[in-house]
file run39.txt (compact mmCIF, C-alpha atoms)
# COMPACT_ATOMS: atom_id res chain seq x y z
CA MET A 1 -44.43 19.05 203.41
CA ILE A 2 -45.75 16.22 201.22
CA LYS A 3 -45.74 13.84 204.19
CA SER A 4 -47.78 16.32 206.21
CA GLN A 5 -50.31 16.71 203.41
CA THR A 6 -50.52 12.95 203.02
CA ASN A 7 -51.44 12.57 206.68
CA GLN A 8 -53.98 15.37 206.69
CA MET A 9 -55.84 15.34 203.37
CA PRO A 10 -57.49 11.89 203.55
CA ALA A 11 -58.88 12.65 207.00
CA GLN A 12 -60.86 15.62 205.72
CA ARG A 13 -64.53 15.01 205.02
CA ARG A 14 -66.50 17.11 202.58
CA PRO A 15 -69.11 19.25 204.38
CA TRP A 16 -72.71 18.95 203.17
CA TYR A 17 -72.74 22.54 201.95
CA ARG A 18 -69.73 21.92 199.65
CA PRO A 19 -70.85 19.22 197.20
CA SER A 20 -68.58 17.56 194.64
CA LEU A 21 -67.96 19.21 191.28
CA THR A 22 -70.30 16.77 189.54
CA THR A 23 -73.13 17.67 191.91
CA GLN A 24 -72.41 21.38 191.50
CA ILE A 25 -72.57 21.02 187.69
CA LEU A 26 -75.89 19.17 187.86
CA ILE A 27 -77.29 21.85 190.18
CA GLY A 28 -76.11 24.53 187.76
CA LEU A 29 -77.75 22.64 184.89
CA VAL A 30 -81.13 22.54 186.67
CA LEU A 31 -80.99 26.13 187.90
CA GLY A 32 -79.95 27.35 184.46
CA GLY A 33 -82.87 25.53 182.85
CA LEU A 34 -85.29 27.03 185.35
CA LEU A 35 -83.89 30.53 184.77
CA GLY A 36 -84.24 30.18 181.01
CA TYR A 37 -87.82 28.92 181.35
CA LEU A 38 -89.03 31.44 183.94
CA SER A 39 -87.20 34.45 182.50
CA PRO A 40 -86.06 34.08 178.88
CA LYS A 41 -84.63 37.61 178.96
CA TRP A 42 -82.29 36.78 181.81
CA GLY A 43 -81.60 33.37 180.28
CA ASN A 44 -80.16 35.12 177.24
CA ASN A 45 -78.45 37.85 179.26
CA VAL A 46 -76.30 35.38 181.23
CA TYR A 47 -75.05 33.62 178.10
CA PHE A 48 -71.78 35.57 178.26
CA LEU A 49 -70.84 33.47 181.33
CA ARG A 50 -70.84 30.37 179.13
CA ASP A 51 -68.51 32.12 176.67
CA ILE A 52 -66.14 33.09 179.50
CA PHE A 53 -66.00 29.46 180.63
CA LEU A 54 -65.32 28.17 177.10
CA ASN A 55 -62.63 30.79 176.52
CA LEU A 56 -60.86 29.78 179.72
CA ILE A 57 -61.03 26.13 178.67
CA LYS A 58 -59.65 26.89 175.21
CA SER A 59 -56.71 28.71 176.81
CA ILE A 60 -55.76 25.45 178.57
CA ILE A 61 -55.85 23.06 175.61
CA ALA A 62 -52.74 24.01 173.61
CA PRO A 63 -50.19 24.14 176.48
CA LEU A 64 -51.72 21.06 178.12
CA ILE A 65 -51.58 18.92 174.97
CA PHE A 66 -48.09 20.14 174.10
CA SER A 67 -46.59 19.55 177.55
CA THR A 68 -48.20 16.15 178.17
CA LEU A 69 -47.22 14.82 174.75
CA VAL A 70 -43.62 16.00 175.00
CA VAL A 71 -43.17 14.57 178.49
CA GLY A 72 -45.00 11.35 177.64
CA ILE A 73 -43.22 10.61 174.35
CA ALA A 74 -39.74 11.98 175.05
CA GLY A 75 -39.79 10.61 178.59
CA GLY A 76 -40.82 7.14 177.40
CA GLY A 77 -37.53 6.55 175.66
CA ASP A 78 -38.86 4.17 172.96
CA LEU A 79 -40.18 5.95 169.89
CA LYS A 80 -41.35 2.64 168.41
CA LYS A 81 -44.05 2.60 171.09
CA VAL A 82 -45.42 5.87 169.72
CA GLY A 83 -45.89 4.44 166.22
CA ARG A 84 -47.41 1.23 167.56
CA MET A 85 -49.73 3.14 169.86
CA GLY A 86 -50.82 5.43 167.01
CA ALA A 87 -51.60 2.48 164.73
CA LYS A 88 -53.67 0.78 167.44
CA ALA A 89 -55.54 3.99 168.22
CA ILE A 90 -56.44 4.62 164.55
CA LEU A 91 -57.56 1.00 164.10
CA TYR A 92 -59.79 1.24 167.16
CA PHE A 93 -61.19 4.60 166.02
CA GLU A 94 -62.14 3.24 162.60
CA ILE A 95 -63.83 0.12 163.96
CA VAL A 96 -65.96 1.94 166.52
CA THR A 97 -66.95 4.85 164.26
CA THR A 98 -67.97 2.41 161.52
CA ILE A 99 -70.18 0.54 163.98
CA ALA A 100 -71.67 3.87 165.09
CA LEU A 101 -72.53 4.77 161.49
CA PHE A 102 -74.39 1.52 160.92
CA ILE A 103 -76.25 1.74 164.24
CA GLY A 104 -77.50 5.15 163.13
CA LEU A 105 -78.44 3.75 159.73
CA GLY A 106 -80.37 0.87 161.30
CA ILE A 107 -82.31 3.01 163.79
CA VAL A 108 -83.29 5.71 161.30
CA ASN A 109 -84.64 3.08 158.88
CA LEU A 110 -86.55 1.45 161.72
CA THR A 111 -88.16 4.58 163.18
CA LYS A 112 -88.43 6.56 159.87
CA PRO A 113 -88.56 10.02 161.52
CA GLY A 114 -88.31 11.82 158.16
CA LEU A 115 -91.58 10.56 156.71
CA ASN A 116 -94.29 13.22 156.38
CA VAL A 117 -91.85 16.04 157.23
CA ALA A 118 -92.37 18.98 154.87
CA LEU A 119 -89.14 20.48 153.56
CA VAL A 120 -90.25 24.09 153.36
CA GLY A 121 -87.22 26.04 154.56
CA GLY A 122 -86.00 26.85 158.02
CA SER A 123 -83.11 28.61 159.77
CA ASP A 124 -80.47 30.56 157.92
CA ILE A 125 -77.66 28.27 156.78
CA SER A 126 -75.81 30.71 154.55
CA THR A 127 -72.68 30.41 156.67
CA LEU A 128 -72.72 26.65 156.20
CA VAL A 129 -73.14 26.88 152.46
CA LYS A 130 -70.03 29.05 152.24
CA THR A 131 -68.00 26.56 154.27
CA GLN A 132 -66.61 23.52 152.49
CA PRO A 133 -65.33 20.41 154.27
CA GLN A 134 -61.80 19.24 153.65
CA GLY A 135 -61.00 16.41 151.29
CA PHE A 136 -58.55 13.67 152.28
CA ARG A 137 -55.58 15.32 150.53
CA ASP A 138 -56.43 18.69 152.09
CA LEU A 139 -56.67 17.03 155.49
CA LEU A 140 -53.18 15.54 155.16
CA VAL A 141 -51.73 18.95 154.27
CA HIS A 142 -53.73 20.57 157.06
CA ILE A 143 -52.29 18.25 159.73
CA PHE A 144 -48.84 19.85 159.50
CA PRO A 145 -48.84 23.51 160.61
CA ALA A 146 -46.87 26.29 158.95
CA SER A 147 -46.88 28.05 162.33
CA VAL A 148 -47.59 26.25 165.58
CA ILE A 149 -48.29 29.62 167.21
CA ASP A 150 -51.08 30.20 164.70
CA SER A 151 -52.37 26.68 165.38
CA MET A 152 -52.47 27.39 169.10
CA VAL A 153 -54.25 30.71 168.54
CA ARG A 154 -56.92 28.97 166.43
CA GLY A 155 -57.10 25.98 168.77
CA ASP A 156 -56.42 23.50 165.95
CA VAL A 157 -55.95 20.34 168.02
CA LEU A 158 -54.74 18.14 165.16
CA GLN A 159 -51.95 20.52 164.19
CA ILE A 160 -50.90 20.94 167.82
CA VAL A 161 -50.68 17.15 168.19
CA ALA A 162 -48.61 16.78 165.00
CA PHE A 163 -46.14 19.49 166.06
CA SER A 164 -45.91 18.14 169.63
CA VAL A 165 -45.15 14.59 168.46
CA LEU A 166 -42.36 15.76 166.12
CA PHE A 167 -41.00 18.11 168.80
CA ALA A 168 -41.01 15.28 171.36
CA MET A 169 -39.12 13.03 168.93
CA ALA A 170 -36.47 15.74 168.53
CA VAL A 171 -36.21 16.18 172.32
CA SER A 172 -35.82 12.42 172.74
CA ALA A 173 -33.08 12.29 170.11
CA MET A 174 -31.12 15.06 171.89
CA GLY A 175 -30.86 13.06 175.10
CA GLU A 176 -29.37 14.83 178.13
CA ARG A 177 -28.83 18.08 176.24
CA ALA A 178 -32.62 18.49 176.10
CA ALA A 179 -33.14 17.67 179.79
CA PRO A 180 -33.97 21.32 180.70
CA ILE A 181 -36.76 21.30 178.11
CA MET A 182 -38.11 18.06 179.56
CA ARG A 183 -38.14 19.50 183.06
CA GLY A 184 -39.82 22.66 181.79
CA CYS A 185 -42.52 20.71 179.96
CA ASP A 186 -43.12 18.55 183.01
CA ALA A 187 -43.54 21.66 185.17
CA LEU A 188 -45.84 23.18 182.52
CA ALA A 189 -48.03 20.05 182.55
CA GLN A 190 -48.34 20.24 186.34
CA VAL A 191 -49.21 23.95 186.17
CA MET A 192 -51.87 23.35 183.50
CA PHE A 193 -53.53 20.61 185.58
CA LYS A 194 -53.61 23.04 188.50
CA PHE A 195 -54.99 25.74 186.19
CA THR A 196 -57.67 23.27 185.06
CA ASN A 197 -58.74 22.82 188.68
CA TYR A 198 -59.21 26.58 189.01
CA VAL A 199 -61.22 26.83 185.78
CA MET A 200 -63.44 23.90 186.80
CA MET A 201 -64.59 25.90 189.80
CA PHE A 202 -66.40 28.10 187.25
CA ALA A 203 -67.91 25.11 185.41
CA PRO A 204 -71.29 25.04 187.27
CA ILE A 205 -71.87 28.69 186.34
CA GLY A 206 -70.74 28.17 182.74
CA VAL A 207 -72.93 25.12 182.09
CA GLY A 208 -75.86 26.75 183.89
CA ALA A 209 -75.62 29.78 181.61
CA ALA A 210 -75.45 27.51 178.55
CA MET A 211 -78.60 25.65 179.58
CA ALA A 212 -80.41 28.91 180.43
CA HIS A 213 -79.69 30.21 176.93
CA THR A 214 -80.86 26.98 175.27
CA ILE A 215 -84.21 26.98 177.08
CA ALA A 216 -84.65 30.76 176.77
CA THR A 217 -84.00 30.71 173.03
CA ASN A 218 -86.02 27.64 172.05
CA GLY A 219 -88.44 27.22 174.94
CA LEU A 220 -89.64 23.85 176.20
CA GLY A 221 -91.84 23.64 173.12
CA VAL A 222 -88.76 22.90 171.03
CA LEU A 223 -88.76 19.46 172.60
CA LYS A 224 -91.92 18.69 170.59
CA ASN A 225 -90.49 20.01 167.31
CA LEU A 226 -88.90 17.13 165.39
CA ALA A 227 -89.22 15.08 168.59
CA TRP A 228 -89.21 11.79 166.69
CA LEU A 229 -85.79 12.52 165.16
CA ILE A 230 -84.40 13.66 168.49
CA GLY A 231 -85.82 10.60 170.26
CA SER A 232 -84.46 8.28 167.57
CA LEU A 233 -80.99 9.82 167.90
CA TYR A 234 -80.92 9.40 171.67
CA LEU A 235 -82.17 5.81 171.33
CA ALA A 236 -79.30 5.08 168.94
CA LEU A 237 -76.80 6.76 171.28
CA VAL A 238 -78.04 4.63 174.19
CA ILE A 239 -77.65 1.48 172.07
CA LEU A 240 -74.11 2.57 171.14
CA ILE A 241 -73.18 3.17 174.78
CA VAL A 242 -74.80 0.05 176.25
CA PHE A 243 -74.02 -2.57 173.63
CA VAL A 244 -70.92 -1.30 171.81
CA PHE A 245 -69.10 0.61 174.53
CA GLY A 246 -70.30 -1.97 177.07
CA ALA A 247 -68.87 -4.82 174.99
CA VAL A 248 -65.59 -2.93 174.55
CA MET A 249 -65.36 -2.41 178.32
CA LEU A 250 -65.87 -6.11 178.96
CA ILE A 251 -63.38 -7.20 176.30
CA ALA A 252 -60.74 -4.71 177.44
CA ARG A 253 -61.42 -5.46 181.13
CA VAL A 254 -62.17 -1.81 181.90
CA PRO A 255 -63.10 -1.21 185.57
CA ILE A 256 -66.61 -0.07 184.63
CA ARG A 257 -67.74 1.51 187.90
CA LYS A 258 -64.53 3.51 188.33
CA PHE A 259 -64.51 4.45 184.64
CA LEU A 260 -68.05 5.82 184.81
CA GLN A 261 -67.11 7.71 187.95
CA ALA A 262 -64.15 9.25 186.10
CA VAL A 263 -66.11 10.31 182.99
CA ARG A 264 -69.22 11.73 184.64
CA GLU A 265 -67.82 15.26 185.02
CA PRO A 266 -66.44 15.68 181.47
CA PHE A 267 -69.57 13.96 180.09
CA THR A 268 -71.86 16.42 181.90
CA ILE A 269 -69.78 19.43 180.88
CA ALA A 270 -69.83 18.36 177.22
CA PHE A 271 -73.59 17.75 177.35
CA ALA A 272 -74.36 21.19 178.76
CA THR A 273 -71.93 23.22 176.64
CA THR A 274 -72.17 21.15 173.39
CA SER A 275 -68.39 21.50 173.18
CA SER A 276 -65.85 18.68 173.29
CA GLU A 277 -63.16 21.27 173.98
CA SER A 278 -64.80 22.25 177.25
CA ALA A 279 -64.49 18.69 178.54
CA LEU A 280 -61.04 17.86 177.13
CA PRO A 281 -58.79 19.12 179.99
CA LYS A 282 -60.90 17.48 182.71
CA ALA A 283 -61.19 14.27 180.70
CA MET A 284 -57.41 14.09 180.25
CA GLU A 285 -56.85 14.74 183.94
CA ASN A 286 -59.36 12.10 185.06
CA MET A 287 -58.07 9.44 182.66
CA GLU A 288 -54.58 9.92 184.04
CA ARG A 289 -55.96 9.65 187.57
CA LEU A 290 -57.75 6.44 186.52
CA GLY A 291 -54.49 4.76 185.56
CA VAL A 292 -53.84 5.62 181.91
CA PRO A 293 -50.21 6.73 181.38
CA ARG A 294 -49.78 10.40 180.56
CA ARG A 295 -48.22 9.74 177.14
CA ILE A 296 -51.24 7.66 176.07
CA VAL A 297 -53.72 10.22 177.38
CA GLY A 298 -51.79 13.02 175.70
CA PHE A 299 -51.78 11.27 172.33
CA VAL A 300 -55.04 9.33 172.10
CA MET A 301 -57.43 11.91 173.56
CA PRO A 302 -56.54 14.87 171.28
CA THR A 303 -56.22 12.57 168.23
CA GLY A 304 -59.61 11.08 168.98
CA TYR A 305 -60.97 14.62 169.16
CA SER A 306 -60.47 14.69 165.38
CA PHE A 307 -60.85 11.03 164.36
CA ASN A 308 -63.00 9.27 166.96
CA LEU A 309 -66.29 11.18 166.86
CA ASP A 310 -68.63 8.28 167.60
CA GLY A 311 -71.64 10.39 168.48
CA THR A 312 -71.17 12.71 165.51
CA THR A 313 -70.80 9.90 162.96
CA LEU A 314 -73.95 8.22 164.28
CA TYR A 315 -75.77 11.55 164.03
CA LEU A 316 -74.58 12.07 160.45
CA ALA A 317 -75.97 8.70 159.43
CA MET A 318 -79.37 9.44 160.95
CA ALA A 319 -79.64 13.05 159.80
CA SER A 320 -78.72 12.25 156.19
CA VAL A 321 -81.29 9.47 155.88
CA PHE A 322 -83.84 11.66 157.72
CA VAL A 323 -83.55 14.29 154.97
CA ALA A 324 -83.68 11.59 152.29
CA GLN A 325 -86.90 10.24 153.83
CA ALA A 326 -88.41 13.73 153.94
CA ALA A 327 -87.45 14.23 150.28
CA GLU A 328 -89.11 10.99 149.10
CA PRO A 329 -92.15 12.75 147.53
CA VAL A 330 -89.73 14.50 145.14
CA ILE A 331 -86.80 12.10 144.61
CA GLY A 332 -88.45 8.79 145.43
CA HIS A 333 -87.27 6.17 147.91
CA MET A 334 -83.51 5.96 148.51
CA SER A 335 -82.52 2.30 148.35
CA PHE A 336 -80.55 0.66 151.13
CA GLY A 337 -77.63 0.17 148.75
CA ARG A 338 -77.51 3.88 148.00
CA GLN A 339 -77.69 4.58 151.72
CA ILE A 340 -74.63 2.34 152.20
CA VAL A 341 -72.74 4.35 149.58
CA MET A 342 -73.75 7.54 151.39
CA MET A 343 -72.45 6.05 154.67
CA LEU A 344 -69.09 5.25 153.05
CA THR A 345 -68.93 8.84 151.82
CA LEU A 346 -69.64 10.12 155.32
CA MET A 347 -66.90 7.86 156.75
CA ILE A 348 -64.36 9.57 154.50
CA THR A 349 -65.56 13.17 154.60
CA SER A 350 -66.16 13.24 158.35
CA LYS A 351 -62.40 12.91 158.94
CA GLY A 352 -61.96 16.48 157.76
CA VAL A 353 -64.30 18.22 160.18
CA ALA A 354 -61.82 19.14 162.91
CA GLY A 355 -61.86 22.83 163.71
CA VAL A 356 -64.79 23.67 161.39
CA PRO A 357 -67.67 25.55 163.09
CA ARG A 358 -70.88 23.47 163.05
CA ALA A 359 -68.73 20.75 161.52
CA ALA A 360 -71.39 18.03 161.50
CA LEU A 361 -73.84 20.24 159.60
CA VAL A 362 -71.15 21.21 157.10
CA ILE A 363 -70.43 17.56 156.31
CA LEU A 364 -74.14 16.74 156.23
CA LEU A 365 -74.86 19.53 153.77
CA ALA A 366 -71.96 18.59 151.49
CA THR A 367 -72.99 14.92 151.43
CA LEU A 368 -76.67 15.63 150.79
CA ASN A 369 -75.82 18.04 147.98
CA GLY A 370 -74.01 15.17 146.29
CA PHE A 371 -76.78 12.61 146.73
CA LEU A 372 -79.74 14.94 146.16
CA SER A 373 -78.18 16.76 143.21
CA GLY A 374 -80.50 18.74 141.00
CA THR A 375 -82.65 19.84 143.95
CA ASN A 376 -82.34 22.28 146.82
CA LEU A 377 -83.75 19.73 149.26
CA GLY A 378 -80.40 19.06 150.91
CA ALA A 379 -80.03 22.68 152.03
CA ILE A 380 -83.69 22.88 153.06
CA GLY A 381 -83.40 19.63 155.05
CA VAL A 382 -80.31 20.87 156.89
CA ALA A 383 -82.16 24.13 157.62
CA VAL A 384 -85.02 22.17 159.20
CA ILE A 385 -82.58 20.19 161.38
CA PHE A 386 -80.65 23.36 162.22
CA GLY A 387 -83.54 24.57 164.39
CA VAL A 388 -83.12 21.71 166.86
CA ASP A 389 -79.50 20.86 166.20
CA GLU A 390 -78.32 22.12 169.58
CA LEU A 391 -80.52 19.59 171.39
CA MET A 392 -78.99 16.78 169.34
CA ASP A 393 -75.53 18.31 169.65
CA MET A 394 -75.72 17.82 173.42
CA GLY A 395 -76.09 14.06 173.01
CA ARG A 396 -73.57 13.51 170.24
CA THR A 397 -70.89 15.71 171.84
CA SER A 398 -71.11 14.02 175.24
CA VAL A 399 -70.92 10.59 173.55
CA ASN A 400 -67.85 11.78 171.62
CA VAL A 401 -66.18 12.59 174.94
CA LEU A 402 -67.24 9.27 176.47
CA GLY A 403 -65.91 7.37 173.45
CA ASN A 404 -62.56 9.15 173.57
CA CYS A 405 -62.15 8.49 177.28
CA LEU A 406 -62.86 4.81 176.63
CA ALA A 407 -60.35 4.79 173.76
CA THR A 408 -57.52 5.90 176.08
CA VAL A 409 -58.23 3.03 178.47
CA VAL A 410 -58.50 0.50 175.61
CA VAL A 411 -55.19 1.59 174.07
CA ALA A 412 -53.50 1.59 177.49
CA ARG A 413 -54.78 -1.94 178.13
CA TRP A 414 -53.75 -2.99 174.61
CA GLU A 415 -50.25 -1.65 175.32
CA GLY A 416 -50.19 -3.47 178.67
CA GLU A 417 -49.70 -0.19 180.55
CA PHE A 418 -53.03 0.37 182.30
CA ASP A 419 -52.52 0.73 186.06
CA ASP A 420 -55.23 -1.37 187.73
CA LYS A 421 -54.01 -0.46 191.21
CA LYS A 422 -54.45 3.22 190.42
CA ALA A 423 -57.92 2.57 189.02
CA ARG A 424 -59.01 0.73 192.18
CA VAL A 425 -58.26 3.74 194.40
CA PHE A 426 -59.78 6.35 192.05
CA GLY A 427 -62.01 8.72 193.99
CA THR A 428 -60.88 7.42 197.39
CA PRO A 429 -58.62 8.95 200.07
CA GLU A 430 -55.99 6.40 199.09
CA GLU A 431 -55.72 8.08 195.67
CA ILE A 432 -54.64 11.33 197.31
CA LYS A 433 -51.90 9.47 199.18
CA ARG A 434 -50.62 7.84 195.98
CA GLU A 435 -50.52 11.07 194.00
CA LEU A 436 -48.77 12.96 196.79
CA ALA A 437 -46.27 10.15 197.20
CA ALA A 438 -45.56 10.39 193.47
CA GLY A 439 -45.07 14.15 193.82
CA ASP A 440 -48.09 15.01 191.66
CA VAL A 441 -49.72 17.63 193.87
CA ALA A 442 -52.03 18.91 191.10
CA LEU A 443 -53.65 15.49 190.58
CA ALA A 444 -53.81 14.98 194.35
CA GLU A 445 -55.74 18.23 194.71
CA ALA A 446 -57.99 17.23 191.80
CA ALA A 447 -58.70 13.96 193.60
CA ALA A 448 -59.51 15.87 196.79
CA GLU A 449 -61.89 18.17 194.90
CA GLY A 450 -63.59 15.27 193.08

call {"tool": "encode", "arguments": {"input": "run39.txt", "output": "structure tokens"}}
result
Amino acid sequence: MIKSQTNQMPAQRRPWYRPSLTTQILIGLVLGGLLGYLSPKWGNNVYFLRDIFLNLIKSIIAPLIFSTLVVGIAGGGDLKKVGRMGAKAILYFEIVTTIALFIGLGIVNLTKPGLNVALVGGSDISTLVKTQPQGFRDLLVHIFPASVIDSMVRGDVLQIVAFSVLFAMAVSAMGERAAPIMRGCDALAQVMFKFTNYVMMFAPIGVGAAMAHTIATNGLGVLKNLAWLIGSLYLALVILIVFVFGAVMLIARVPIRKFLQAVREPFTIAFATTSSESALPKAMENMERLGVPRRIVGFVMPTGYSFNLDGTTLYLAMASVFVAQAAEPVIGHMSFGRQIVMMLTLMITSKGVAGVPRAALVILLATLNGFLSGTNLGAIGVAVIFGVDELMDMGRTSVNVLGNCLATVVVARWEGEFDDKKARVFGTPEEIKRELAAGDVALAEAAAEG
């Protein structure tokens, strides 16, 4: 059966009326924007389609992370590799996120978008005020779940990763007696990749509904509101991608063209939905297709979801100084040294944002309350930003996804396990042959769809 599929699938050409998933998503993005602009009522009415898409995506994450980690770690045989890989991943995360913070700090001081902005209230942030970010000790306790079922229900990625790693270590220690569990997890991983392919068929509708709601709610005029801050953020994100990510790609010898081809779908999904979760299953699938071993994808990608938020950390740097600039008539100029201290605070507190709704705004509010104590300007500044936060969330979330995809390739290269041959055939008929020959029908079908 596999031999027959191998002979037939590469010969098939995609008809013009059945574009690739990336093209379908872009079409959905444009049509959704037009719907929201021409008919705001309908733009808001179709928003439930976006929620359906996100709910389907969230249903994939827990079983996919669990199965890929168990198979990758327990099947690898050498638990020392797991510790070494984890240390390298954390080191890489800290270096890149620190650079992102200081890029944001440099750009916001250069463009000064907060000057002459009146802090006179804005959107309701009462829900943010009630929410407190986790401290470092609380984060350590939070990593280890009391109930993994509860963690899966809440979609707490960090707790799922911690449980899966410990479970995989136990499976590895049991040897042949745990072989049925290994086979079951391997089958579950294959099923979840297939399930991801089905859900992705709904992606163009989901992202189109998300864009329709954004334009219908805010209108095109929102692009003029706080445009200087938004423009400064996107300038900083471009600098991060081109100069930092670009340098990392060159140093790690990442196949740039194939890598960009692999990340375009998850990047676009994250941009439209402002949700890293929505892009996680497709990103994991594409990184494995690109040549990153499953165990590295299964560990680095979900861990980076909590610790490698490059776009978010850059945003936090810019937004905090933006509010400080706007508050200058009351508190005076914030010195560069004090800004550095604020950046160090953000580096620590931002590690506790995983799973917190509007996490970046929560951290921003907590930090500003500490540095603008004695005034209510921190809350007012966050309220002003809140009105256009979704537009900035698109950029920072998609860059988070891009950074995490790059991290998997860097760690795989660092470990000497990146498959260059697999990368060279990514997106070609030859890839379908390789995946079918390896017995991975789900990835072969994903390659055929892509």

call {"tool": "residues_around", "arguments": {"input": "run39.txt", "residues": "Val157 in chain A", "least_positions_apart": "5", "cutoff": "9 Å", "atoms": "all atoms listed in the file", "output": "NGL selection string"}}
result
:A and (61-62 or 65 or 151-152 or 162 or 302-303 or 305-306 or 354-355)

call {"tool": "residues_around", "arguments": {"input": "run39.txt", "residues": "Leu26 in chain A", "least_positions_apart": "2", "cutoff": "10 Å", "atoms": "all atoms listed in the file", "output": "list in words"}}
result
Leu21, Thr22, Thr23, Gln24, Gly28, Leu29, Val30, Leu31, Gly32, Pro204, Val207, Gly208, Glu265, Thr268, Ile269 and Ala272 of chain A

call {"tool": "closest_residue", "arguments": {"input": "run39.txt", "among": "A:Lys282, A:Lys80, A:Lys41, A:Lys433", "to": "Met201 in chain A", "atoms": "all atoms listed in the file"}}
result
A:Lys282

call {"tool": "residues_near_point", "arguments": {"input": "run39.txt", "point": "(-54.1, -0.9, 179.8)", "cutoff": "10 Å", "atoms": "only C-alpha atoms", "output": "MDAnalysis selection string"}}
result
chainID A and resid 252:254 291:293 296 408:420

call {"tool": "atom_distance", "arguments": {"input": "run39.txt", "atom1": "CA of Trp42 in chain A", "atom2": "CA of Ala210 in chain A"}}
result
12.0 Å

call {"tool": "closest_residue", "arguments": {"input": "run39.txt", "among": "A:Val153, A:Leu309, A:Met392, A:Ala270", "to": "Ser59 in chain A", "atoms": "all atoms listed in the file"}}
result
A:Val153

call {"tool": "closest_residue", "arguments": {"input": "run39.txt", "among": "A:Thr428, A:Asn45, A:Ser67, A:Thr345", "to": "Ile181 in chain A", "atoms": "only C-alpha atoms"}}
result
A:Ser67

call {"tool": "closest_atom_pairs", "arguments": {"input": "run39.txt", "of": "range 173-279 of chain A", "to": "range 395-405 of chain A", "cutoff": "6 Å", "atoms": "all atoms listed in the file", "output": "tab-separated table"}}
result
residue	atom	partner	partner_atom	distance
A:Phe267	CA	A:Ser398	CA	5.1
A:Ala270	CA	A:Ser398	CA	4.9
A:Phe271	CA	A:Ser398	CA	5.0
A:Thr274	CA	A:Thr397	CA	5.8

call {"tool": "residues_near_point", "arguments": {"input": "run39.txt", "point": "(-50.2, 17.1, 156.6)", "cutoff": "12 Å", "atoms": "all atoms listed in the file", "output": "list of chain:residue names"}}
result
A:Phe136, A:Arg137, A:Asp138, A:Leu139, A:Leu140, A:Val141, A:His142, A:Ile143, A:Phe144, A:Pro145, A:Ala146, A:Leu158, A:Gln159, A:Ile160, A:Val161, A:Ala162, A:Phe163, A:Gly352

call {"tool": "closest_residue", "arguments": {"input": "run39.txt", "among": "A:Ile380, A:Val238, A:Met200, A:Leu361", "to": "Ile60 in chain A", "atoms": "only C-alpha atoms"}}
result
A:Met200

call {"tool": "atom_distance", "arguments": {"input": "run39.txt", "atom1": "CA of Ile149 in chain A", "atom2": "CA of Val165 in chain A"}}
result
15.4 Å

call {"tool": "residues_around", "arguments": {"input": "run39.txt", "residues": "Gly72 in chain A", "least_positions_apart": "6", "cutoff": "10 Å", "atoms": "only C-alpha atoms", "output": "VMD selection string"}}
result
chain A and resid 66 82 165 168 182 185 to 186 293 to 299

call {"tool": "residues_around", "arguments": {"input": "run39.txt", "residues": "Thr196 in chain A", "least_positions_apart": "6", "cutoff": "12 Å", "atoms": "all atoms listed in the file", "output": "list of chain:residue names"}}
result
A:Phe53, A:Leu56, A:Ile57, A:Lys58, A:Ser59, A:Ile60, A:Ile61, A:Pro63, A:Leu64, A:Ala189, A:Gln190, A:Phe202, A:Ala203, A:Ser278, A:Ala279, A:Leu280, A:Pro281, A:Lys282, A:Ala283, A:Met284, A:Glu285, A:Asn286, A:Ala442, A:Leu443, A:Glu445, A:Ala446, A:Glu449

call {"tool": "write_last_selection", "arguments": {"input": "run39.txt", "atoms": "C-alpha atoms", "output": "PDB file, keeping the file's coordinate frame"}}
result
ATOM      1  CA  PHE A  53     -66.000  29.460 180.630  1.00  0.00           C
ATOM      2  CA  LEU A  56     -60.860  29.780 179.720  1.00  0.00           C
ATOM      3  CA  ILE A  57     -61.030  26.130 178.670  1.00  0.00           C
ATOM      4  CA  LYS A  58     -59.650  26.890 175.210  1.00  0.00           C
ATOM      5  CA  SER A  59     -56.710  28.710 176.810  1.00  0.00           C
ATOM      6  CA  ILE A  60     -55.760  25.450 178.570  1.00  0.00           C
ATOM      7  CA  ILE A  61     -55.850  23.060 175.610  1.00  0.00           C
ATOM      8  CA  PRO A  63     -50.190  24.140 176.480  1.00  0.00           C
ATOM      9  CA  LEU A  64     -51.720  21.060 178.120  1.00  0.00           C
ATOM     10  CA  ALA A 189     -48.030  20.050 182.550  1.00  0.00           C
ATOM     11  CA  GLN A 190     -48.340  20.240 186.340  1.00  0.00           C
ATOM     12  CA  PHE A 202     -66.400  28.100 187.250  1.00  0.00           C
ATOM     13  CA  ALA A 203     -67.910  25.110 185.410  1.00  0.00           C
ATOM     14  CA  SER A 278     -64.800  22.250 177.250  1.00  0.00           C
ATOM     15  CA  ALA A 279     -64.490  18.690 178.540  1.00  0.00           C
ATOM     16  CA  LEU A 280     -61.040  17.860 177.130  1.00  0.00           C
ATOM     17  CA  PRO A 281     -58.790  19.120 179.990  1.00  0.00           C
ATOM     18  CA  LYS A 282     -60.900  17.480 182.710  1.00  0.00           C
ATOM     19  CA  ALA A 283     -61.190  14.270 180.700  1.00  0.00           C
ATOM     20  CA  MET A 284     -57.410  14.090 180.250  1.00  0.00           C
ATOM     21  CA  GLU A 285     -56.850  14.740 183.940  1.00  0.00           C
ATOM     22  CA  ASN A 286     -59.360  12.100 185.060  1.00  0.00           C
ATOM     23  CA  ALA A 442     -52.030  18.910 191.100  1.00  0.00           C
ATOM     24  CA  LEU A 443     -53.650  15.490 190.580  1.00  0.00           C
ATOM     25  CA  GLU A 445     -55.740  18.230 194.710  1.00  0.00           C
ATOM     26  CA  ALA A 446     -57.990  17.230 191.800  1.00  0.00           C
ATOM     27  CA  GLU A 449     -61.890  18.170 194.900  1.00  0.00           C
TER      28      GLU A 449
END
